[in-house]
$ cat data.cif   # mmCIF, C-alpha atoms and all ligand atoms; chains and numbers go by the auth columns
data_target
loop_
_atom_site.group_PDB
_atom_site.id
_atom_site.type_symbol
_atom_site.label_atom_id
_atom_site.label_comp_id
_atom_site.label_asym_id
_atom_site.label_seq_id
_atom_site.Cartn_x
_atom_site.Cartn_y
_atom_site.Cartn_z
_atom_site.B_iso_or_equiv
_atom_site.auth_seq_id
_atom_site.auth_asym_id
ATOM 1 C CA MET A 1 0.000 0.000 0.000 0.00 1 B
ATOM 2 C CA VAL A 2 1.312 3.478 -0.895 0.00 2 B
ATOM 3 C CA ARG A 3 1.835 5.903 1.982 0.00 3 B
ATOM 4 C CA ASP A 4 -0.238 8.687 0.466 0.00 4 B
ATOM 5 C CA TRP A 5 -2.109 10.163 3.384 0.00 5 B
ATOM 6 C CA THR A 6 -1.410 12.974 5.806 0.00 6 B
ATOM 7 C CA ALA A 7 -3.348 12.311 9.000 0.00 7 B
ATOM 8 C CA VAL A 8 -4.305 15.127 11.353 0.00 8 B
ATOM 9 C CA ILE A 9 -5.321 14.809 15.013 0.00 9 B
ATOM 10 C CA PRO A 10 -6.415 17.867 17.013 0.00 10 B
ATOM 11 C CA VAL A 11 -5.742 17.698 20.748 0.00 11 B
ATOM 12 C CA LYS A 12 -7.229 20.143 23.232 0.00 12 B
ATOM 13 C CA ARG A 13 -5.288 21.138 26.362 0.00 13 B
ATOM 14 C CA LEU A 14 -5.398 17.935 28.437 0.00 14 B
ATOM 15 C CA SER A 15 -6.758 19.593 31.590 0.00 15 B
ATOM 16 C CA ALA A 16 -9.761 20.943 29.650 0.00 16 B
ATOM 17 C CA ALA A 17 -10.336 17.982 27.297 0.00 17 B
ATOM 18 C CA LYS A 18 -12.959 15.236 27.493 0.00 18 B
ATOM 19 C CA SER A 19 -15.144 16.885 30.153 0.00 19 B
ATOM 20 C CA ARG A 20 -17.965 14.359 29.559 0.00 20 B
ATOM 21 C CA LEU A 21 -15.518 11.602 30.510 0.00 21 B
ATOM 22 C CA ARG A 22 -14.794 13.154 33.920 0.00 22 B
ATOM 23 C CA GLY A 23 -15.529 10.710 36.738 0.00 23 B
ATOM 24 C CA ALA A 24 -14.360 7.637 34.803 0.00 24 B
ATOM 25 C CA VAL A 25 -11.066 7.827 36.707 0.00 25 B
ATOM 26 C CA PRO A 26 -10.061 9.843 39.811 0.00 26 B
ATOM 27 C CA PRO A 27 -9.870 13.585 38.977 0.00 27 B
ATOM 28 C CA ALA A 28 -6.078 13.666 39.469 0.00 28 B
ATOM 29 C CA ARG A 29 -5.676 11.015 36.723 0.00 29 B
ATOM 30 C CA HIS A 30 -8.085 12.507 34.147 0.00 30 B
ATOM 31 C CA ALA A 31 -5.423 14.291 32.074 0.00 31 B
ATOM 32 C CA GLU A 32 -3.326 11.102 32.146 0.00 32 B
ATOM 33 C CA LEU A 33 -6.255 9.121 30.697 0.00 33 B
ATOM 34 C CA VAL A 34 -6.795 11.709 27.940 0.00 34 B
ATOM 35 C CA LEU A 35 -3.083 11.573 27.100 0.00 35 B
ATOM 36 C CA ALA A 36 -3.038 7.743 27.105 0.00 36 B
ATOM 37 C CA MET A 37 -5.871 7.724 24.552 0.00 37 B
ATOM 38 C CA VAL A 38 -4.068 10.304 22.393 0.00 38 B
ATOM 39 C CA ARG A 39 -0.910 8.162 22.517 0.00 39 B
ATOM 40 C CA ASP A 40 -2.782 4.991 21.505 0.00 40 B
ATOM 41 C CA THR A 41 -4.606 6.793 18.691 0.00 41 B
ATOM 42 C CA ALA A 42 -1.401 8.386 17.381 0.00 42 B
ATOM 43 C CA SER A 43 0.535 5.076 17.591 0.00 43 B
ATOM 44 C CA ALA A 44 -2.107 3.249 15.552 0.00 44 B
ATOM 45 C CA VAL A 45 -2.254 6.070 12.968 0.00 45 B
ATOM 46 C CA LEU A 46 1.538 6.096 12.596 0.00 46 B
ATOM 47 C CA THR A 47 1.523 2.300 12.160 0.00 47 B
ATOM 48 C CA ALA A 48 -1.040 2.412 9.337 0.00 48 B
ATOM 49 C CA GLU A 49 0.546 1.663 5.969 0.00 49 B
ATOM 50 C CA ALA A 50 -1.489 4.313 4.156 0.00 50 B
ATOM 51 C CA VAL A 51 -0.230 7.129 6.390 0.00 51 B
ATOM 52 C CA ALA A 52 2.904 9.040 5.385 0.00 52 B
ATOM 53 C CA GLU A 53 2.732 11.722 8.048 0.00 53 B
ATOM 54 C CA LEU A 54 0.807 12.607 11.207 0.00 54 B
ATOM 55 C CA ILE A 55 0.234 16.250 12.129 0.00 55 B
ATOM 56 C CA VAL A 56 -1.011 16.940 15.655 0.00 56 B
ATOM 57 C CA VAL A 57 -2.585 20.346 16.274 0.00 57 B
ATOM 58 C CA THR A 58 -2.195 21.196 19.929 0.00 58 B
ATOM 59 C CA ASP A 59 -1.140 23.836 22.445 0.00 59 B
ATOM 60 C CA ASP A 60 -0.632 21.223 25.161 0.00 60 B
ATOM 61 C CA PRO A 61 3.090 20.799 25.944 0.00 61 B
ATOM 62 C CA GLU A 62 2.765 17.301 27.403 0.00 62 B
ATOM 63 C CA ALA A 63 0.697 16.007 24.490 0.00 63 B
ATOM 64 C CA ALA A 64 3.093 17.693 22.052 0.00 64 B
ATOM 65 C CA ALA A 65 6.122 15.986 23.647 0.00 65 B
ATOM 66 C CA ALA A 66 4.423 12.566 23.724 0.00 66 B
ATOM 67 C CA VAL A 67 3.271 12.530 20.094 0.00 67 B
ATOM 68 C CA GLY A 68 6.524 14.162 18.949 0.00 68 B
ATOM 69 C CA GLU A 69 8.379 11.221 20.473 0.00 69 B
ATOM 70 C CA LEU A 70 6.161 8.844 18.506 0.00 70 B
ATOM 71 C CA GLY A 71 7.079 10.606 15.252 0.00 71 B
ATOM 72 C CA ALA A 72 4.253 13.101 14.748 0.00 72 B
ATOM 73 C CA ARG A 73 4.780 16.677 13.568 0.00 73 B
ATOM 74 C CA VAL A 74 3.316 19.120 16.095 0.00 74 B
ATOM 75 C CA VAL A 75 1.814 22.489 15.193 0.00 75 B
ATOM 76 C CA PRO A 76 0.153 24.994 17.543 0.00 76 B
ATOM 77 C CA ASP A 77 -3.610 25.449 17.799 0.00 77 B
ATOM 78 C CA THR A 78 -5.301 28.338 16.002 0.00 78 B
ATOM 79 C CA PRO A 79 -6.213 31.507 17.923 0.00 79 B
ATOM 80 C CA ALA A 80 -9.866 30.389 17.611 0.00 80 B
ATOM 81 C CA ALA A 81 -9.103 27.332 19.796 0.00 81 B
ATOM 82 C CA GLU A 82 -12.035 25.483 18.207 0.00 82 B
ATOM 83 C CA LEU A 83 -12.182 21.912 16.964 0.00 83 B
ATOM 84 C CA ASN A 84 -13.167 22.571 13.316 0.00 84 B
ATOM 85 C CA ALA A 85 -10.706 25.465 13.042 0.00 85 B
ATOM 86 C CA ALA A 86 -7.892 23.214 14.329 0.00 86 B
ATOM 87 C CA MET A 87 -8.806 20.476 11.822 0.00 87 B
ATOM 88 C CA ARG A 88 -9.072 22.909 8.905 0.00 88 B
ATOM 89 C CA PHE A 89 -5.729 24.479 9.814 0.00 89 B
ATOM 90 C CA GLY A 90 -3.914 21.125 10.100 0.00 90 B
ATOM 91 C CA ALA A 91 -5.405 19.648 6.938 0.00 91 B
ATOM 92 C CA ASP A 92 -5.805 22.546 4.495 0.00 92 B
ATOM 93 C CA GLU A 93 -3.008 24.889 5.592 0.00 93 B
ATOM 94 C CA VAL A 94 -0.262 22.813 7.232 0.00 94 B
ATOM 95 C CA ALA A 95 -0.613 19.680 5.066 0.00 95 B
ATOM 96 C CA GLY A 96 -2.008 21.660 2.124 0.00 96 B
ATOM 97 C CA LEU A 97 -4.710 21.119 -0.476 0.00 97 B
ATOM 98 C CA THR A 98 -2.457 19.079 -2.759 0.00 98 B
ATOM 99 C CA ARG A 99 -2.354 16.180 -0.283 0.00 99 B
ATOM 100 C CA PHE A 100 -4.752 13.357 0.604 0.00 100 B
ATOM 101 C CA ARG A 101 -5.760 14.365 4.148 0.00 101 B
ATOM 102 C CA ALA A 102 -7.670 12.590 6.927 0.00 102 B
ATOM 103 C CA VAL A 103 -8.589 14.115 10.275 0.00 103 B
ATOM 104 C CA LEU A 104 -9.345 11.875 13.241 0.00 104 B
ATOM 105 C CA ALA A 105 -10.410 12.471 16.819 0.00 105 B
ATOM 106 C CA GLY A 106 -7.707 11.805 19.417 0.00 106 B
ATOM 107 C CA ASP A 107 -9.988 9.587 21.480 0.00 107 B
ATOM 108 C CA LEU A 108 -9.823 6.293 19.573 0.00 108 B
ATOM 109 C CA PRO A 109 -7.749 4.020 21.868 0.00 109 B
ATOM 110 C CA ALA A 110 -9.056 0.807 20.253 0.00 110 B
ATOM 111 C CA LEU A 111 -8.068 1.896 16.739 0.00 111 B
ATOM 112 C CA HIS A 112 -6.426 -0.834 14.622 0.00 112 B
ATOM 113 C CA PRO A 113 -4.057 0.363 11.890 0.00 113 B
ATOM 114 C CA GLU A 114 -5.605 -2.168 9.484 0.00 114 B
ATOM 115 C CA GLN A 115 -9.045 -0.628 9.979 0.00 115 B
ATOM 116 C CA LEU A 116 -7.684 2.819 9.169 0.00 116 B
ATOM 117 C CA ASP A 117 -5.895 1.452 6.080 0.00 117 B
ATOM 118 C CA GLU A 118 -9.128 -0.099 4.861 0.00 118 B
ATOM 119 C CA ALA A 119 -11.164 3.058 5.452 0.00 119 B
ATOM 120 C CA LEU A 120 -8.584 5.280 3.701 0.00 120 B
ATOM 121 C CA GLY A 121 -8.435 2.798 0.831 0.00 121 B
ATOM 122 C CA ARG A 122 -12.134 3.435 0.224 0.00 122 B
ATOM 123 C CA ALA A 123 -11.983 7.232 0.599 0.00 123 B
ATOM 124 C CA GLU A 124 -11.751 8.191 -3.053 0.00 124 B
ATOM 125 C CA ARG A 125 -13.253 11.628 -2.506 0.00 125 B
ATOM 126 C CA ARG A 126 -14.384 13.664 0.514 0.00 126 B
ATOM 127 C CA SER A 127 -15.707 10.972 2.868 0.00 127 B
ATOM 128 C CA PHE A 128 -16.379 10.335 6.527 0.00 128 B
ATOM 129 C CA VAL A 129 -16.678 7.505 9.036 0.00 129 B
ATOM 130 C CA ALA A 130 -19.517 7.873 11.528 0.00 130 B
ATOM 131 C CA ASP A 131 -18.979 6.914 15.172 0.00 131 B
ATOM 132 C CA ALA A 132 -20.401 3.709 16.682 0.00 132 B
ATOM 133 C CA ALA A 133 -23.598 5.523 17.712 0.00 133 B
ATOM 134 C CA GLY A 134 -24.053 6.700 14.109 0.00 134 B
ATOM 135 C CA THR A 135 -24.505 10.353 15.080 0.00 135 B
ATOM 136 C CA GLY A 136 -20.942 11.661 15.396 0.00 136 B
ATOM 137 C CA THR A 137 -17.873 11.469 13.154 0.00 137 B
ATOM 138 C CA VAL A 138 -14.533 9.819 13.878 0.00 138 B
ATOM 139 C CA LEU A 139 -12.790 10.448 10.558 0.00 139 B
ATOM 140 C CA LEU A 140 -13.174 12.962 7.725 0.00 140 B
ATOM 141 C CA ALA A 141 -11.058 12.563 4.596 0.00 141 B
ATOM 142 C CA ALA A 142 -10.479 14.813 1.593 0.00 142 B
ATOM 143 C CA GLY A 143 -8.474 14.339 -1.596 0.00 143 B
ATOM 144 C CA PRO A 144 -6.234 16.742 -3.522 0.00 144 B
ATOM 145 C CA GLY A 145 -8.030 19.970 -4.381 0.00 145 B
ATOM 146 C CA GLU A 146 -10.905 19.354 -1.975 0.00 146 B
ATOM 147 C CA PRO A 147 -11.230 21.645 1.060 0.00 147 B
ATOM 148 C CA LEU A 148 -11.800 19.593 4.213 0.00 148 B
ATOM 149 C CA ASP A 149 -14.878 21.617 5.232 0.00 149 B
ATOM 150 C CA PRO A 150 -15.188 19.942 8.676 0.00 150 B
ATOM 151 C CA ARG A 151 -18.525 20.065 10.486 0.00 151 B
ATOM 152 C CA PHE A 152 -17.644 18.291 13.728 0.00 152 B
ATOM 153 C CA GLY A 153 -19.928 18.814 16.719 0.00 153 B
ATOM 154 C CA LEU A 154 -23.376 17.580 17.743 0.00 154 B
ATOM 155 C CA GLY A 155 -24.978 15.551 14.918 0.00 155 B
ATOM 156 C CA SER A 156 -21.898 15.800 12.719 0.00 156 B
ATOM 157 C CA ALA A 157 -22.603 12.580 10.771 0.00 157 B
ATOM 158 C CA VAL A 158 -25.773 14.122 9.312 0.00 158 B
ATOM 159 C CA ALA A 159 -23.961 17.447 8.784 0.00 159 B
ATOM 160 C CA HIS A 160 -21.105 15.769 6.909 0.00 160 B
ATOM 161 C CA ALA A 161 -23.516 13.776 4.724 0.00 161 B
ATOM 162 C CA ALA A 162 -25.576 16.922 4.017 0.00 162 B
ATOM 163 C CA SER A 163 -22.400 18.744 2.970 0.00 163 B
ATOM 164 C CA GLY A 164 -21.824 16.113 0.274 0.00 164 B
ATOM 165 C CA ALA A 165 -19.295 13.854 2.021 0.00 165 B
ATOM 166 C CA ARG A 166 -19.737 10.132 1.394 0.00 166 B
ATOM 167 C CA ALA A 167 -20.341 7.851 4.395 0.00 167 B
ATOM 168 C CA LEU A 168 -17.865 4.944 4.421 0.00 168 B
ATOM 169 C CA ASP A 169 -19.583 1.743 5.457 0.00 169 B
ATOM 170 C CA GLY A 170 -17.038 -0.798 6.770 0.00 170 B
ATOM 171 C CA ALA A 171 -17.478 -2.368 10.227 0.00 171 B
ATOM 172 C CA TRP A 172 -14.218 -1.038 11.764 0.00 172 B
ATOM 173 C CA PRO A 173 -15.273 -1.301 15.439 0.00 173 B
ATOM 174 C CA GLY A 174 -12.045 0.163 16.855 0.00 174 B
ATOM 175 C CA LEU A 175 -12.075 3.110 14.460 0.00 175 B
ATOM 176 C CA ARG A 176 -15.710 3.888 15.207 0.00 176 B
ATOM 177 C CA GLN A 177 -15.470 3.641 19.010 0.00 177 B
ATOM 178 C CA ASP A 178 -14.624 7.112 20.274 0.00 178 B
ATOM 179 C CA VAL A 179 -14.541 7.692 24.020 0.00 179 B
ATOM 180 C CA ASP A 180 -16.817 10.512 25.146 0.00 180 B
ATOM 181 C CA THR A 181 -18.304 9.031 28.347 0.00 181 B
ATOM 182 C CA PRO A 182 -17.394 6.482 31.041 0.00 182 B
ATOM 183 C CA ALA A 183 -19.678 3.956 29.280 0.00 183 B
ATOM 184 C CA ASP A 184 -17.577 4.356 26.102 0.00 184 B
ATOM 185 C CA LEU A 185 -14.491 3.440 28.116 0.00 185 B
ATOM 186 C CA GLN A 186 -16.119 0.114 29.011 0.00 186 B
ATOM 187 C CA ARG A 187 -16.913 -0.478 25.321 0.00 187 B
ATOM 188 C CA VAL A 188 -13.295 0.207 24.417 0.00 188 B
ATOM 189 C CA LEU A 189 -12.094 -2.274 27.039 0.00 189 B
ATOM 190 C CA ALA A 190 -14.390 -4.905 25.534 0.00 190 B
ATOM 191 C CA LEU A 191 -12.920 -4.245 22.063 0.00 191 B
ATOM 192 C CA GLY A 192 -9.314 -4.217 23.315 0.00 192 B
ATOM 193 C CA ALA A 193 -7.742 -0.869 24.085 0.00 193 B
ATOM 194 C CA GLY A 194 -4.249 0.214 23.129 0.00 194 B
ATOM 195 C CA ARG A 195 -1.289 -0.284 25.458 0.00 195 B
ATOM 196 C CA HIS A 196 -1.230 3.124 27.159 0.00 196 B
ATOM 197 C CA THR A 197 -4.941 3.187 27.964 0.00 197 B
ATOM 198 C CA CYS A 198 -4.810 -0.478 29.053 0.00 198 B
ATOM 199 C CA ASP A 199 -1.839 0.072 31.360 0.00 199 B
ATOM 200 C CA LEU A 200 -3.407 3.092 33.047 0.00 200 B
ATOM 201 C CA LEU A 201 -6.765 1.390 33.626 0.00 201 B
ATOM 202 C CA ARG A 202 -5.042 -1.713 34.966 0.00 202 B
ATOM 203 C CA ASP A 203 -2.935 0.460 37.269 0.00 203 B
ATOM 204 C CA LEU A 204 -6.132 2.054 38.587 0.00 204 B
ATOM 205 C CA GLY A 205 -7.711 -1.371 39.167 0.00 205 B
ATOM 206 C CA LEU A 206 -10.475 -0.644 36.653 0.00 206 B
ATOM 207 C CA THR A 207 -9.727 -3.760 34.657 0.00 207 B
ATOM 208 C CA VAL A 208 -7.922 -6.968 35.476 0.00 208 B
ATOM 209 C CA SER A 209 -7.487 -8.165 31.945 0.00 209 B
ATOM 210 C CA CYS A 210 -6.980 -5.802 29.099 0.00 210 B
ATOM 211 C CA VAL A 211 -6.260 -7.157 25.654 0.00 211 B
ATOM 212 C CA PRO A 212 -4.160 -4.662 23.706 0.00 212 B
ATOM 213 C CA ALA A 213 -5.750 -3.535 20.454 0.00 213 B
ATOM 214 C CA ALA A 214 -2.564 -3.531 18.419 0.00 214 B
HETATM 215 N N1 LIG B . -6.560 21.484 18.841 0.00 301 R
HETATM 216 C C1 LIG B . -7.785 21.362 19.331 0.00 301 R
HETATM 217 N N2 LIG B . -8.324 20.147 19.526 0.00 301 R
HETATM 218 C C2 LIG B . -9.582 20.056 20.021 0.00 301 R
HETATM 219 C C3 LIG B . -10.356 21.199 20.365 0.00 301 R
HETATM 220 N N3 LIG B . -11.545 20.768 20.856 0.00 301 R
HETATM 221 C C4 LIG B . -11.528 19.426 20.819 0.00 301 R
HETATM 222 N N4 LIG B . -10.344 18.974 20.340 0.00 301 R
HETATM 223 C C5 LIG B . -9.933 17.584 20.126 0.00 301 R
HETATM 224 O O1 LIG B . -10.836 16.991 19.235 0.00 301 R
HETATM 225 C C6 LIG B . -11.038 15.600 19.510 0.00 301 R
HETATM 226 C C7 LIG B . -12.529 15.331 19.748 0.00 301 R
HETATM 227 O O2 LIG B . -12.850 15.966 20.905 0.00 301 R
HETATM 228 P P1 LIG B . -14.317 16.102 21.555 0.00 301 R
HETATM 229 O O3 LIG B . -14.654 14.873 22.271 0.00 301 R
HETATM 230 O O4 LIG B . -15.273 16.584 20.559 0.00 301 R
HETATM 231 O O5 LIG B . -14.051 17.354 22.509 0.00 301 R
HETATM 232 P P2 LIG B . -13.698 17.630 23.984 0.00 301 R
HETATM 233 O O6 LIG B . -13.984 19.082 24.062 0.00 301 R
HETATM 234 O O7 LIG B . -12.312 17.209 24.346 0.00 301 R
HETATM 235 O O8 LIG B . -14.702 16.782 24.886 0.00 301 R
HETATM 236 P P3 LIG B . -15.940 17.267 25.796 0.00 301 R
HETATM 237 O O9 LIG B . -15.434 18.287 26.766 0.00 301 R
HETATM 238 O O10 LIG B . -16.389 16.024 26.511 0.00 301 R
HETATM 239 O O11 LIG B . -16.970 17.810 24.836 0.00 301 R
HETATM 240 C C8 LIG B . -10.156 15.323 20.723 0.00 301 R
HETATM 241 O O12 LIG B . -8.918 14.824 20.270 0.00 301 R
HETATM 242 C C9 LIG B . -9.979 16.690 21.363 0.00 301 R
HETATM 243 O O13 LIG B . -8.807 16.826 22.123 0.00 301 R
HETATM 244 C C10 LIG B . -9.738 22.493 20.165 0.00 301 R
HETATM 245 O O14 LIG B . -10.312 23.537 20.433 0.00 301 R
HETATM 246 N N5 LIG B . -8.464 22.508 19.649 0.00 301 R
HETATM 247 C C1 LIG B . -17.149 16.428 17.805 0.00 302 R
HETATM 248 C C2 LIG B . -17.508 15.183 17.651 0.00 302 R
HETATM 249 O O1 LIG B . -17.084 14.221 18.484 0.00 302 R
HETATM 250 P P1 LIG B . -17.577 13.889 19.950 0.00 302 R
HETATM 251 O O2 LIG B . -18.607 12.832 19.788 0.00 302 R
HETATM 252 O O3 LIG B . -16.297 13.411 20.491 0.00 302 R
HETATM 253 O O4 LIG B . -18.062 15.179 20.555 0.00 302 R
HETATM 254 C C3 LIG B . -18.273 14.684 16.483 0.00 302 R
HETATM 255 O O5 LIG B . -18.606 13.498 16.472 0.00 302 R
HETATM 256 O O6 LIG B . -18.529 15.485 15.587 0.00 302 R
#

$ encode --input "data.cif" --output "structure tokens" --more "lines below"
Ligand SMILES: Nc1nc2c(ncn2[C@@H]2O[C@H](COP(=O)(O)OP(=O)(O)OP(=O)(O)O)[C@@H](O)[C@H]2O)c(=O)[nH]1
Ligand SMILES: C=C(OP(=O)(O)O)C(=O)O
Amino acid sequence: MVRDWTAVIPVKRLSAAKSRLRGAVPPARHAELVLAMVRDTASAVLTAEAVAELIVVTDDPEAAAAVGELGARVVPDTPAAELNAAMRFGADEVAGLTRFRAVLAGDLPALHPEQLDEALGRAERRSFVADAAGTGTVLLAAGPGEPLDPRFGLGSAVAHAASGARALDGAWPGLRQDVDTPADLQRVLALGAGRHTCDLLRDLGLTVSCVPAA
């Protein structure tokens, strides 16, 4: 498979990120959990054969250091500090319109590189992958010459379809399982979370057995 794609992951400041997930782990470990999920997502993306480069858009120094160590290129957030603005900046300005670009959420700790390869292999034009619930979006892809035009937020799957993006229909359970709430964390554990998320949850006694995703 040719490494054609530039992947982009936006990461909010860890202390402010994933507020709906608060309570899943003790408050003092929340940022650590967010970072573990970012690490697992970034590791899987960088392992995917279709991905040539990963750009992480973040102002968080700890997240920047962690993904930089994995091999990602880190760029600062936009002054707007808004999810769609960060995605647009990373994909259309930093990577550039000549590239194949795919933006992903940084909360996919059960992501398998093979699932991402398969999804990107089917993304011939602007396309998206809906989340497991079918309402949100976990991945939005655009080809050369196509602006990303991200519409992430409440009901984004419908918004992306209405904007002309094609819904990709593979099963891809790890790719589709984002972690917004404590219940999602249980779903991820059932699928097999990545090493960093697994290790943290085991350390906290929240799981005894945790099968790594990749
Ligand atoms: N760079 C950047 N990333 C963001 C921003 N907002 C969200 N993200 C990232 O976008 C991905 C999806 O995040 P969400 O679950 O929608 O947002 P969240 O604000 O962290 O979560 P909640 O507080 O629970 O709504 C995660 O990787 C977030 O870190 C932002 O303003 N800037
Ligand atoms: C912003 C989105 O993600 P989340 O479900 O993480 O809020 C989205 O699905 O558009």

$ closest_residue --input "data.cif" --among "B:Leu54, B:Leu189, B:Leu204, B:Leu21" --to "ligand LIG 302 (chain R)" --atoms "only C-alpha atoms and all ligand atoms"
B:Leu21

$ resolve_selection --input "data.cif" --expression "the PyMOL selection byres (((chain B and resi 113-123) around 10) and not hetatm)" --output "PDB file with C-alpha atoms, in the coordinates of the input"
ATOM      1  CA  MET B   1       0.000   0.000   0.000  1.00  0.00           C
ATOM      2  CA  VAL B   2       1.312   3.478  -0.895  1.00  0.00           C
ATOM      3  CA  ARG B   3       1.835   5.903   1.982  1.00  0.00           C
ATOM      4  CA  ASP B   4      -0.238   8.687   0.466  1.00  0.00           C
ATOM      5  CA  TRP B   5      -2.109  10.163   3.384  1.00  0.00           C
ATOM      6  CA  THR B  41      -4.606   6.793  18.691  1.00  0.00           C
ATOM      7  CA  SER B  43       0.535   5.076  17.591  1.00  0.00           C
ATOM      8  CA  ALA B  44      -2.107   3.249  15.552  1.00  0.00           C
ATOM      9  CA  VAL B  45      -2.254   6.070  12.968  1.00  0.00           C
ATOM     10  CA  LEU B  46       1.538   6.096  12.596  1.00  0.00           C
ATOM     11  CA  THR B  47       1.523   2.300  12.160  1.00  0.00           C
ATOM     12  CA  ALA B  48      -1.040   2.412   9.337  1.00  0.00           C
ATOM     13  CA  GLU B  49       0.546   1.663   5.969  1.00  0.00           C
ATOM     14  CA  ALA B  50      -1.489   4.313   4.156  1.00  0.00           C
ATOM     15  CA  VAL B  51      -0.230   7.129   6.390  1.00  0.00           C
ATOM     16  CA  PHE B 100      -4.752  13.357   0.604  1.00  0.00           C
ATOM     17  CA  ARG B 101      -5.760  14.365   4.148  1.00  0.00           C
ATOM     18  CA  ALA B 102      -7.670  12.590   6.927  1.00  0.00           C
ATOM     19  CA  ALA B 110      -9.056   0.807  20.253  1.00  0.00           C
ATOM     20  CA  LEU B 111      -8.068   1.896  16.739  1.00  0.00           C
ATOM     21  CA  HIS B 112      -6.426  -0.834  14.622  1.00  0.00           C
ATOM     22  CA  GLU B 124     -11.751   8.191  -3.053  1.00  0.00           C
ATOM     23  CA  ARG B 125     -13.253  11.628  -2.506  1.00  0.00           C
ATOM     24  CA  ARG B 126     -14.384  13.664   0.514  1.00  0.00           C
ATOM     25  CA  SER B 127     -15.707  10.972   2.868  1.00  0.00           C
ATOM     26  CA  PHE B 128     -16.379  10.335   6.527  1.00  0.00           C
ATOM     27  CA  VAL B 129     -16.678   7.505   9.036  1.00  0.00           C
ATOM     28  CA  LEU B 139     -12.790  10.448  10.558  1.00  0.00           C
ATOM     29  CA  LEU B 140     -13.174  12.962   7.725  1.00  0.00           C
ATOM     30  CA  ALA B 141     -11.058  12.563   4.596  1.00  0.00           C
ATOM     31  CA  ALA B 142     -10.479  14.813   1.593  1.00  0.00           C
ATOM     32  CA  GLY B 143      -8.474  14.339  -1.596  1.00  0.00           C
ATOM     33  CA  ALA B 165     -19.295  13.854   2.021  1.00  0.00           C
ATOM     34  CA  ARG B 166     -19.737  10.132   1.394  1.00  0.00           C
ATOM     35  CA  ALA B 167     -20.341   7.851   4.395  1.00  0.00           C
ATOM     36  CA  LEU B 168     -17.865   4.944   4.421  1.00  0.00           C
ATOM     37  CA  ASP B 169     -19.583   1.743   5.457  1.00  0.00           C
ATOM     38  CA  GLY B 170     -17.038  -0.798   6.770  1.00  0.00           C
ATOM     39  CA  ALA B 171     -17.478  -2.368  10.227  1.00  0.00           C
ATOM     40  CA  TRP B 172     -14.218  -1.038  11.764  1.00  0.00           C
ATOM     41  CA  PRO B 173     -15.273  -1.301  15.439  1.00  0.00           C
ATOM     42  CA  GLY B 174     -12.045   0.163  16.855  1.00  0.00           C
ATOM     43  CA  LEU B 175     -12.075   3.110  14.460  1.00  0.00           C
ATOM     44  CA  ARG B 176     -15.710   3.888  15.207  1.00  0.00           C
ATOM     45  CA  ALA B 213      -5.750  -3.535  20.454  1.00  0.00           C
ATOM     46  CA  ALA B 214      -2.564  -3.531  18.419  1.00  0.00           C
TER      47      ALA B 214
END

$ closest_residue --input "data.cif" --among "B:Asp107, B:Glu93, B:Asp60, B:Glu82" --to "Arg39 in chain B" --atoms "all atoms listed in the file"
B:Asp107

$ atom_distance --input "data.cif" --atom1 "atom P3 of ligand LIG 301 (chain R)" --atom2 "CA of Ala190 in chain B"
22.2 Å

$ closest_residue --input "data.cif" --among "B:Glu146, B:Asp184, B:Asp77, B:Asp199" --to "Asp40 in chain B" --atoms "all atoms listed in the file"
B:Asp199

$ residues_near_ligand --input "data.cif" --ligand "ligand LIG 302 (chain R)" --cutoff "8 Å" --atoms "all atoms listed in the file" --output "list in words"
Lys18, Leu83, Ala105, Asp107, Ala130, Asp131, Thr135, Gly136, Thr137, Val138, Arg151, Phe152, Gly153, Leu154, Gly155, Ser156, Ala157, Asp178, Val179 and Asp180 of chain B

$ resolve_selection --input "data.cif" --expression "the PyMOL selection byres (((chain B and resi 64) around 12) and not hetatm)" --output "MDAnalysis selection string"
chainID B and resid 9:14 35 38:39 42 55:63 65:77

$ axis_aligned_box --input "data.cif" --around "ligand LIG 301 (chain R)" --padding-each-side "8 Å" --output "AutoDock Vina command-line options"
--center_x -11.8 --center_y 19.2 --center_z 22.8 --size_x 26.4 --size_y 24.7 --size_z 23.9

$ atom_distance --input "data.cif" --atom1 "CA of Val103 in chain B" --atom2 "CA of Ala16 in chain B"
20.6 Å

$ resolve_selection --input "data.cif" --expression "the PyMOL selection byres (((chain B and resi 205-207) around 12) and not hetatm)" --output "tab-separated table (two decimals) with C-alpha atoms, keeping the file's coordinate frame"
chain	number	residue	atom	x	y	z
B	24	ALA	CA	-14.36	7.64	34.80
B	25	VAL	CA	-11.07	7.83	36.71
B	26	PRO	CA	-10.06	9.84	39.81
B	182	PRO	CA	-17.39	6.48	31.04
B	185	LEU	CA	-14.49	3.44	28.12
B	186	GLN	CA	-16.12	0.11	29.01
B	188	VAL	CA	-13.30	0.21	24.42
B	189	LEU	CA	-12.09	-2.27	27.04
B	190	ALA	CA	-14.39	-4.90	25.53
B	192	GLY	CA	-9.31	-4.22	23.32
B	193	ALA	CA	-7.74	-0.87	24.08
B	197	THR	CA	-4.94	3.19	27.96
B	198	CYS	CA	-4.81	-0.48	29.05
B	199	ASP	CA	-1.84	0.07	31.36
B	200	LEU	CA	-3.41	3.09	33.05
B	201	LEU	CA	-6.76	1.39	33.63
B	202	ARG	CA	-5.04	-1.71	34.97
B	203	ASP	CA	-2.94	0.46	37.27
B	204	LEU	CA	-6.13	2.05	38.59
B	208	VAL	CA	-7.92	-6.97	35.48
B	209	SER	CA	-7.49	-8.16	31.94
B	210	CYS	CA	-6.98	-5.80	29.10
B	211	VAL	CA	-6.26	-7.16	25.65

$ atom_distance --input "data.cif" --atom1 "CA of Asn84 in chain B" --atom2 "CA of Ala17 in chain B"
15.0 Å

$ closest_residue --input "data.cif" --among "B:Ala133, B:Leu191, B:Val94, B:Val8" --to "ligand LIG 301 (chain R)" --atoms "all atoms listed in the file"
B:Val8
